[in-house]
$ cat input.txt   # compact mmCIF, C-alpha atoms
# COMPACT_ATOMS: atom_id res chain seq x y z
CA LEU A 1319 143.64 138.28 53.17
CA ILE A 1320 141.17 137.00 50.59
CA MET A 1321 143.62 135.92 47.88
CA PRO A 1322 145.05 132.85 49.76
CA GLN A 1323 141.53 131.49 50.14
CA TYR A 1324 140.92 131.76 46.39
CA ALA A 1325 144.30 130.14 45.67
CA ALA A 1326 143.48 127.25 48.00
CA ALA A 1327 140.10 126.80 46.32
CA VAL A 1328 141.70 126.70 42.85
CA VAL A 1329 144.26 124.12 44.00
CA LEU A 1330 141.50 121.99 45.52
CA MET A 1331 139.43 122.10 42.31
CA ALA A 1332 142.44 121.17 40.18
CA SER A 1333 143.40 118.26 42.43
CA SER A 1334 139.80 116.97 42.42
CA ALA A 1335 139.64 117.14 38.64
CA PHE A 1336 142.93 115.28 38.32
CA ALA A 1337 141.75 112.56 40.72
CA PHE A 1338 138.51 112.10 38.76
CA ALA A 1339 139.98 112.18 35.24
CA PRO A 1340 143.80 112.28 35.23
CA ALA A 1341 144.02 111.72 31.47
CA ALA A 1342 142.02 114.86 30.84
CA MET A 1343 144.56 116.94 32.80
CA LEU A 1344 147.56 115.95 30.73
CA ARG A 1345 146.78 118.85 28.41
CA THR A 1346 145.28 122.26 29.00
CA PRO A 1347 141.77 121.69 30.43
CA THR A 1348 138.91 122.97 28.35
CA MET A 1349 135.82 124.09 30.24
CA VAL A 1350 134.05 125.99 27.45
CA ARG A 1351 135.23 126.13 23.86
CA SER A 1352 134.27 129.26 22.01
CA ASN A 1353 133.07 129.49 18.42
CA LEU A 1354 136.56 130.54 17.32
CA SER A 1355 137.84 126.96 17.41
CA PRO A 1356 135.97 124.89 14.81
CA VAL A 1357 138.67 122.18 14.76
CA ARG A 1358 138.61 119.95 17.83
CA GLY A 1359 142.20 118.70 17.68
CA ASN A 1360 143.76 122.17 17.45
CA SER A 1361 146.08 122.65 20.45
CA LEU A 1362 145.84 126.43 20.04
CA ALA A 1363 142.10 126.45 20.52
CA HIS A 1364 140.79 129.66 21.97
CA LEU A 1365 139.40 129.27 25.49
CA SER A 1366 136.86 131.64 26.95
CA MET A 1367 134.97 131.87 30.23
CA THR A 1368 132.64 134.67 29.13
CA ALA A 1369 128.90 134.19 28.68
CA ALA A 1370 129.08 135.40 25.08
CA ALA A 1371 131.39 132.54 24.13
CA ILE A 1372 128.97 129.86 25.33
CA PRO A 1373 127.01 128.46 22.37
CA ALA A 1374 123.24 128.48 22.55
CA ASN A 1375 122.94 124.71 22.10
CA PRO A 1376 126.35 123.03 22.44
CA GLY A 1377 124.99 119.49 22.10
CA LEU A 1378 126.42 116.29 23.52
CA GLY A 1379 130.10 116.63 24.31
CA LYS A 1380 130.66 119.71 22.14
CA GLY A 1381 132.94 121.98 24.08
CA TYR A 1382 132.69 120.31 27.50
CA VAL A 1383 135.06 117.34 27.10
CA SER A 1384 138.82 117.58 27.05
CA PRO A 1385 140.45 117.04 23.63
CA ALA A 1386 142.38 114.12 25.15
CA VAL A 1387 139.12 112.18 25.67
CA PRO A 1388 137.56 110.63 22.52
CA LEU A 1389 133.88 111.33 22.00
CA ALA A 1390 131.38 108.49 21.63
CA GLU A 1391 129.74 107.95 18.24
CA PHE A 1392 126.11 108.20 19.30
CA ASP A 1393 124.67 107.14 15.91
CA GLU A 1394 126.76 103.99 15.87
CA TRP A 1395 125.89 103.02 19.41
CA THR A 1396 122.18 103.46 18.77
CA LYS A 1397 122.41 100.72 16.12
CA THR A 1398 123.66 98.24 18.72
CA LYS A 1399 121.00 96.07 20.31
CA PRO A 1400 120.88 96.60 24.09
CA SER A 1401 121.86 93.75 26.35
CA TYR A 1402 118.67 94.00 28.40
CA PRO A 1403 115.12 94.74 27.23
CA HIS A 1404 113.18 97.75 28.40
CA ILE A 1405 111.17 97.68 31.59
CA PRO A 1406 107.75 96.25 30.63
CA PRO A 1407 104.86 98.41 31.85
CA ALA A 1408 102.15 96.96 34.02
CA PRO A 1409 99.27 95.41 32.02
CA ARG A 1410 96.21 97.62 31.83
CA TYR A 1411 92.57 96.84 31.15
CA SER A 1412 91.52 97.56 27.57
CA SER A 1413 88.17 97.67 25.84
CA GLY A 1414 88.86 94.34 24.12
CA ASP A 1415 89.24 92.45 27.40
CA TRP A 1416 85.53 92.30 28.19
CA MET A 1417 84.91 89.46 25.70
CA VAL A 1418 87.84 87.49 27.12
CA ASN A 1419 86.52 87.99 30.65
CA LEU A 1420 83.06 86.88 29.56
CA LEU A 1421 84.35 83.70 27.95
CA ASN A 1422 86.51 82.88 30.96
CA LEU A 1423 83.68 83.38 33.42
CA PHE A 1424 83.39 79.73 34.41
CA LYS A 1425 87.17 79.43 34.77
CA SER A 1426 87.33 82.24 37.30
CA SER A 1427 89.01 81.32 40.57
CA MET A 1428 86.85 83.85 42.41
CA LEU A 1429 83.70 82.19 41.05
CA ARG A 1430 84.93 78.82 42.29
CA ARG A 1431 85.52 80.26 45.76
CA VAL A 1432 82.00 81.72 46.11
CA SER A 1433 80.20 79.01 44.13
CA SER A 1434 78.76 77.26 47.23
CA HIS A 1435 77.36 80.51 48.68
CA LEU A 1436 76.05 81.58 45.29
CA LEU A 1437 74.33 78.24 44.73
CA ALA A 1438 72.71 78.26 48.20
CA ASN A 1439 71.34 81.79 47.75
CA THR A 1440 70.05 80.96 44.26
CA LEU A 1441 68.20 77.84 45.49
CA PHE A 1442 66.72 79.78 48.40
CA ALA A 1443 65.47 82.51 46.06
CA ILE A 1444 63.91 79.90 43.74
CA LEU A 1445 62.18 78.30 46.71
CA VAL A 1446 60.70 81.59 47.91
CA TYR A 1447 59.51 82.49 44.42
CA SER A 1448 57.90 79.05 43.96
CA LEU A 1449 56.03 79.39 47.26
CA TYR A 1450 54.95 82.87 46.18
CA LEU A 1451 53.39 81.42 43.03
CA GLN A 1452 51.86 78.31 44.58
CA ILE A 1453 50.39 79.73 47.80
CA PRO A 1454 47.99 82.68 47.28
CA ALA A 1455 47.91 83.51 51.00
CA LEU A 1456 51.68 83.93 51.02
CA ALA A 1457 51.46 86.21 47.99
CA ALA A 1458 48.85 88.34 49.77
CA CYS A 1459 51.04 88.65 52.86
CA ALA A 1460 54.01 89.58 50.70
CA LYS A 1461 52.10 92.54 49.24
CA ILE A 1462 51.57 93.92 52.72
CA LEU A 1463 55.30 93.86 53.57
CA SER A 1464 57.30 97.04 52.98
CA PRO A 1465 60.54 96.96 50.90
CA THR A 1466 62.21 99.41 53.30
CA GLY A 1467 64.09 96.65 55.11
CA HIS A 1468 65.65 95.41 51.90
CA SER A 1469 66.66 98.94 50.95
CA LEU A 1470 68.35 99.54 54.30
CA SER A 1471 70.12 96.21 54.25
CA GLY A 1472 71.32 96.93 50.70
CA ALA A 1473 72.91 100.22 51.85
CA ALA A 1474 74.63 98.51 54.77
CA LEU A 1475 75.82 95.73 52.47
CA SER A 1476 77.32 98.23 50.04
CA LEU A 1477 79.25 99.91 52.87
CA LEU A 1478 80.61 96.56 54.03
CA LEU A 1479 81.73 95.73 50.49
CA VAL A 1480 83.48 99.11 50.23
CA PHE A 1481 85.31 98.47 53.52
CA ARG A 1482 86.41 95.04 52.35
CA THR A 1483 87.62 96.40 49.00
CA ASN A 1484 89.58 99.24 50.63
CA SER A 1485 91.14 96.87 53.15
CA ALA A 1486 92.21 94.44 50.42
CA TYR A 1487 93.63 97.23 48.24
CA ALA A 1488 95.54 98.68 51.21
CA ARG A 1489 97.20 95.29 51.72
CA VAL A 1490 98.19 95.08 48.05
CA TYR A 1491 99.54 98.64 47.99
CA ASP A 1492 101.47 98.08 51.22
CA ALA A 1493 103.02 94.91 49.80
CA ARG A 1494 104.02 96.68 46.58
CA CYS A 1495 105.72 99.48 48.55
CA ILE A 1496 107.60 97.01 50.74
CA TRP A 1497 108.78 94.96 47.77
CA GLY A 1498 109.87 98.12 45.97
CA GLN A 1499 111.92 99.17 49.00
CA LEU A 1500 113.41 95.67 49.09
CA THR A 1501 114.39 95.91 45.41
CA ASN A 1502 116.05 99.31 45.86
CA THR A 1503 117.95 98.15 48.93
CA ILE A 1504 119.24 95.01 47.22
CA ARG A 1505 120.48 97.09 44.29
CA GLU A 1506 122.24 99.41 46.70
CA MET A 1507 123.76 96.41 48.49
CA GLY A 1508 125.18 95.17 45.18
CA ARG A 1509 126.59 98.60 44.37
CA SER A 1510 128.16 98.97 47.82
CA THR A 1511 129.65 95.48 47.63
CA HIS A 1512 131.22 96.21 44.24
CA THR A 1513 132.61 99.51 45.49
CA ASN A 1514 133.90 98.57 48.93
CA MET A 1515 134.94 94.92 48.72
CA ASP A 1516 137.38 92.83 46.68
CA GLY A 1517 138.29 89.23 46.04
CA LEU A 1518 136.35 86.16 47.14
CA ASP A 1519 134.50 88.02 49.88
CA ARG A 1520 132.97 90.31 47.29
CA GLU A 1521 131.88 87.42 45.06
CA HIS A 1522 130.46 85.54 48.04
CA ALA A 1523 128.49 88.57 49.23
CA LEU A 1524 127.14 89.20 45.71
CA MET A 1525 125.96 85.59 45.33
CA LEU A 1526 124.12 85.68 48.65
CA THR A 1527 122.60 89.06 47.82
CA ALA A 1528 121.39 87.80 44.44
CA ALA A 1529 119.66 84.84 46.10
CA LEU A 1530 117.86 87.01 48.64
CA PRO A 1531 114.68 87.90 46.62
CA THR A 1532 114.09 84.29 45.53
CA ILE A 1533 114.60 82.89 49.04
CA MET A 1534 112.26 85.51 50.50
CA LEU A 1535 109.59 84.90 47.86
CA ASN A 1536 109.69 81.16 48.52
CA HIS A 1537 109.51 81.84 52.25
CA LEU A 1538 106.37 83.98 51.86
CA GLN A 1539 104.54 81.82 49.29
CA THR A 1540 104.06 78.73 51.44
CA GLN A 1541 101.49 76.49 49.76
CA ASP A 1542 101.20 73.73 52.37
CA ASP A 1543 100.56 73.43 56.09
CA LYS A 1544 104.29 73.38 56.90
CA TYR A 1545 106.16 76.50 57.88
CA ARG A 1546 109.16 75.62 55.73
CA THR A 1547 107.99 74.87 52.22
CA GLU A 1548 109.83 72.34 50.10
CA ALA A 1549 108.18 73.32 46.80
CA TRP A 1550 110.16 75.48 44.40
CA SER A 1551 108.83 76.95 41.18
CA PRO A 1552 110.77 76.42 37.92
CA GLN A 1553 111.75 80.10 37.91
CA GLN A 1554 113.11 79.87 41.46
CA LYS A 1555 115.10 76.74 40.61
CA GLN A 1556 116.53 78.46 37.55
CA VAL A 1557 117.71 81.43 39.65
CA LEU A 1558 119.30 79.35 42.42
CA THR A 1559 120.94 76.75 40.17
CA GLY A 1560 124.68 77.43 40.06
CA LEU A 1561 124.38 80.44 42.36
CA LEU A 1562 124.87 79.07 45.88
CA SER A 1563 127.50 76.69 47.15
CA GLU A 1564 126.65 73.40 48.82
CA HIS A 1565 127.53 74.71 52.27
CA ASP A 1566 125.52 77.93 51.82
CA PHE A 1567 122.42 76.11 50.60
CA LYS A 1568 122.70 73.61 53.45
CA CYS A 1569 122.69 76.44 56.01
CA ILE A 1570 119.73 78.13 54.32
CA TRP A 1571 117.74 74.91 53.93
CA ALA A 1572 118.11 73.93 57.60
CA ALA A 1573 116.92 77.34 58.87
CA ARG A 1574 113.36 77.93 59.97
CA ASN A 1575 113.38 81.53 58.77
CA ARG A 1576 115.45 81.38 55.60
CA PRO A 1577 115.59 85.12 54.79
CA MET A 1578 116.86 85.80 58.30
CA ALA A 1579 119.50 83.09 57.94
CA LEU A 1580 120.59 84.59 54.60
CA CYS A 1581 120.92 88.06 56.14
CA LYS A 1582 123.05 86.60 58.94
CA MET A 1583 125.29 84.95 56.34
CA ILE A 1584 125.69 88.21 54.41
CA GLY A 1585 126.54 90.01 57.66
CA ALA A 1586 129.18 87.37 58.43
CA VAL A 1587 130.79 87.98 55.02
CA TYR A 1588 130.82 91.74 55.70
CA ARG A 1589 132.47 91.14 59.07
CA SER A 1590 135.07 88.87 57.48
CA TRP A 1591 136.00 91.56 54.98
CA PHE A 1592 136.12 94.52 57.36
CA THR A 1593 138.24 92.62 59.91
CA ASN A 1594 140.79 91.38 57.35
CA VAL A 1595 143.58 93.84 58.01
CA GLU A 1596 145.92 92.62 55.26
CA GLN A 1597 143.26 92.91 52.54
CA LEU A 1598 142.29 96.37 53.73
CA LYS A 1599 145.93 97.51 53.68
CA LYS A 1600 146.28 96.35 50.07
CA LYS A 1601 143.10 98.16 49.12
CA PHE A 1602 144.30 101.48 50.56
CA GLY A 1603 147.75 101.30 48.94
CA ALA A 1604 150.06 99.89 51.60
CA VAL A 1605 153.75 99.74 50.65
CA ASN A 1606 155.51 96.65 52.06
CA GLY A 1607 152.52 96.10 54.36
CA GLU A 1608 152.81 99.55 55.97
CA LEU A 1609 150.51 102.57 55.74
CA SER A 1610 151.37 106.20 56.23
CA GLU A 1611 149.50 108.30 58.75
CA ASP A 1612 147.37 109.86 56.04
CA GLN A 1613 146.53 106.45 54.59
CA ARG A 1614 145.59 105.17 58.04
CA ALA A 1615 143.27 108.13 58.57
CA VAL A 1616 141.63 107.60 55.19
CA MET A 1617 141.24 103.85 55.81
CA ARG A 1618 139.76 104.40 59.25
CA SER A 1619 137.15 106.89 58.07
CA ASN A 1620 136.21 104.83 55.00
CA ILE A 1621 135.86 101.58 56.94
CA GLN A 1622 133.61 103.15 59.54
CA THR A 1623 131.38 104.76 56.92
CA GLU A 1624 131.23 101.75 54.60
CA ARG A 1625 130.46 99.18 57.28
CA ALA A 1626 127.82 101.40 58.91
CA LEU A 1627 126.13 101.85 55.52
CA MET A 1628 126.16 98.14 54.65
CA GLU A 1629 124.90 97.13 58.10
CA GLN A 1630 122.09 99.66 57.75
CA GLN A 1631 121.10 98.04 54.47
CA LEU A 1632 120.79 94.68 56.24
CA VAL A 1633 118.57 96.33 58.83
CA ILE A 1634 116.28 97.58 56.04
CA ILE A 1635 116.14 94.08 54.53
CA SER A 1636 115.19 92.62 57.93
CA ASN A 1637 112.42 95.20 58.30
CA CYS A 1638 111.15 94.41 54.79
CA TYR A 1639 110.74 90.67 55.24
CA GLY A 1640 109.27 91.27 58.70
CA ALA A 1641 106.66 93.59 57.16
CA CYS A 1642 105.94 91.00 54.45
CA GLU A 1643 105.37 88.34 57.11
CA ARG A 1644 102.97 90.71 58.85
CA ILE A 1645 100.90 91.02 55.67
CA VAL A 1646 100.89 87.25 55.10
CA ARG A 1647 99.70 86.54 58.64
CA SER A 1648 97.11 89.35 58.80
CA ASN A 1649 93.84 88.68 56.98
CA VAL A 1650 91.03 91.04 56.18
CA PRO A 1651 89.06 91.46 59.45
CA ALA A 1652 86.73 88.48 59.90
CA SER A 1653 83.91 90.75 61.09
CA TYR A 1654 83.60 92.14 57.56
CA SER A 1655 83.11 88.66 56.13
CA ARG A 1656 80.64 87.58 58.82
CA HIS A 1657 78.46 90.69 58.53
CA THR A 1658 78.49 90.49 54.73
CA SER A 1659 77.29 86.88 54.82
CA ARG A 1660 74.54 87.75 57.30
CA PHE A 1661 73.25 90.62 55.18
CA LEU A 1662 73.29 88.42 52.08
$ encode --input "input.txt" --output "structure tokens"
Amino acid sequence: LIMPQYAAAVVLMASSAFAFAPAAMLRTPTMVRSNLSPVRGNSLAHLSMTAAAIPANPGLGKGYVSPAVPLAEFDEWTKTKPSYPHIPPAPRYSSGDWMVNLLNLFKSSMLRRVSSHLLANTLFAILVYSLYLQIPALAACAKILSPTGHSLSGAALSLLLVFRTNSAYARVYDARCIWGQLTNTIREMGRSTHTNMDGLDREHALMLTAALPTIMLNHLQTQDDKYRTEAWSPQQKQVLTGLLSEHDFKCIWAARNRPMALCKMIGAVYRSWFTNVEQLKKKFGAVNGELSEDQRAVMRSNIQTERALMEQQLVIISNCYGACERIVRSNVPASYSRHTSRFL
């Protein structure tokens, strides 16, 4: 009763291996090569499934690849310059940056933003100190006053500054997480498009997907009082040049919410592909335009799974740019700023 189950399992494993690497099954498959076969090309190589025959450190490809598959020359490939550079790490503060920060003090954008408040407080302090020196009665009254009020206000001010810093950092961290999820989803969209689609529909979907980060970034970085910005950075122009067709760019440009319009366009391309019966028949191996019952079952299950996955990816993209818009339109609570100014 047990033997037919084992036989079915062996047949299933062999068919799966042949579907994955048919060239490797043309000869006797080699799972583990023992130490008794030093020559790789020997067709009479001794095969063993015992634990004693497994080498301690077989290395890359030694004993686990079929003799019909040529091994890669690792030393030669390491001499080849990669097509893409490594991922640059985030810049970190070093001990030599303090002199640069000191020299760039008057070029600081933060200093320019608080310069009016800083100047007003400095002039007020100079005025109080001058009155303290010029009027003896005022100096005598000042000696009677207790510094407890300043100490308490300093503690409250420090708490307000901590709240503001935590709120600002939470916004930055939230934005980084959302953009990371967006990046991962776009990569998965490109992989799914390459795997599940063919022809012009695949190229069209890939072009629209590649334009999605740039369009979203331009949508979020509005620098004027208009909702739809017309300013594009040189990097954004470089990405979009030669990527979108005239009709696609016209549809995106006329939309109020450009990322949403782009997602709708990508969804329309998906719908065009998954409703093209003739293209789907060719993909699943139709002979003279006809599919067998098994092929129809395979096509039906694959289409349902693939389209559900790709539509779910569009849902994630919609949630990502909605969350980014929430961050752009939500400032640090104004009460923090008002109370901080009053304590100062």
$ residues_near_point --input "input.txt" --point "(102.7, 94.9, 50.1)" --cutoff "12 Å" --atoms "all atoms listed in the file" --output "ChimeraX atom specification"
/A:1486-1500,1538,1638-1646,1648
$ atom_distance --input "input.txt" --atom1 "atom CA of Asn1484 of chain A" --atom2 "atom CA of Met1417 of chain A"
27.2 Å
$ closest_residue --input "input.txt" --among "A:Ser1563, A:Cys1581, A:His1404, A:Glu1506" --to "Ile1533 of chain A" --atoms "only C-alpha atoms"
A:Cys1581
$ closest_residue --input "input.txt" --among "A:Ala1572, A:Ala1523, A:Leu1478, A:Ala1408" --to "Ala1586 of chain A" --atoms "all atoms listed in the file"
A:Ala1523
$ atom_distance --input "input.txt" --atom1 "atom CA of Leu1463 of chain A" --atom2 "atom CA of Leu1437 of chain A"
26.2 Å
$ atom_distance --input "input.txt" --atom1 "atom CA of Val1650 of chain A" --atom2 "atom CA of Ser1476 of chain A"
16.7 Å
$ closest_residue --input "input.txt" --among "A:Glu1564, A:Glu1391, A:Glu1608, A:Glu1629" --to "Thr1511 of chain A" --atoms "only C-alpha atoms"
A:Glu1629
$ closest_residue --input "input.txt" --among "A:Ser1485, A:Asn1422, A:Ser1427, A:Thr1527" --to "Tyr1654 of chain A" --atoms "all atoms listed in the file"
A:Ser1485
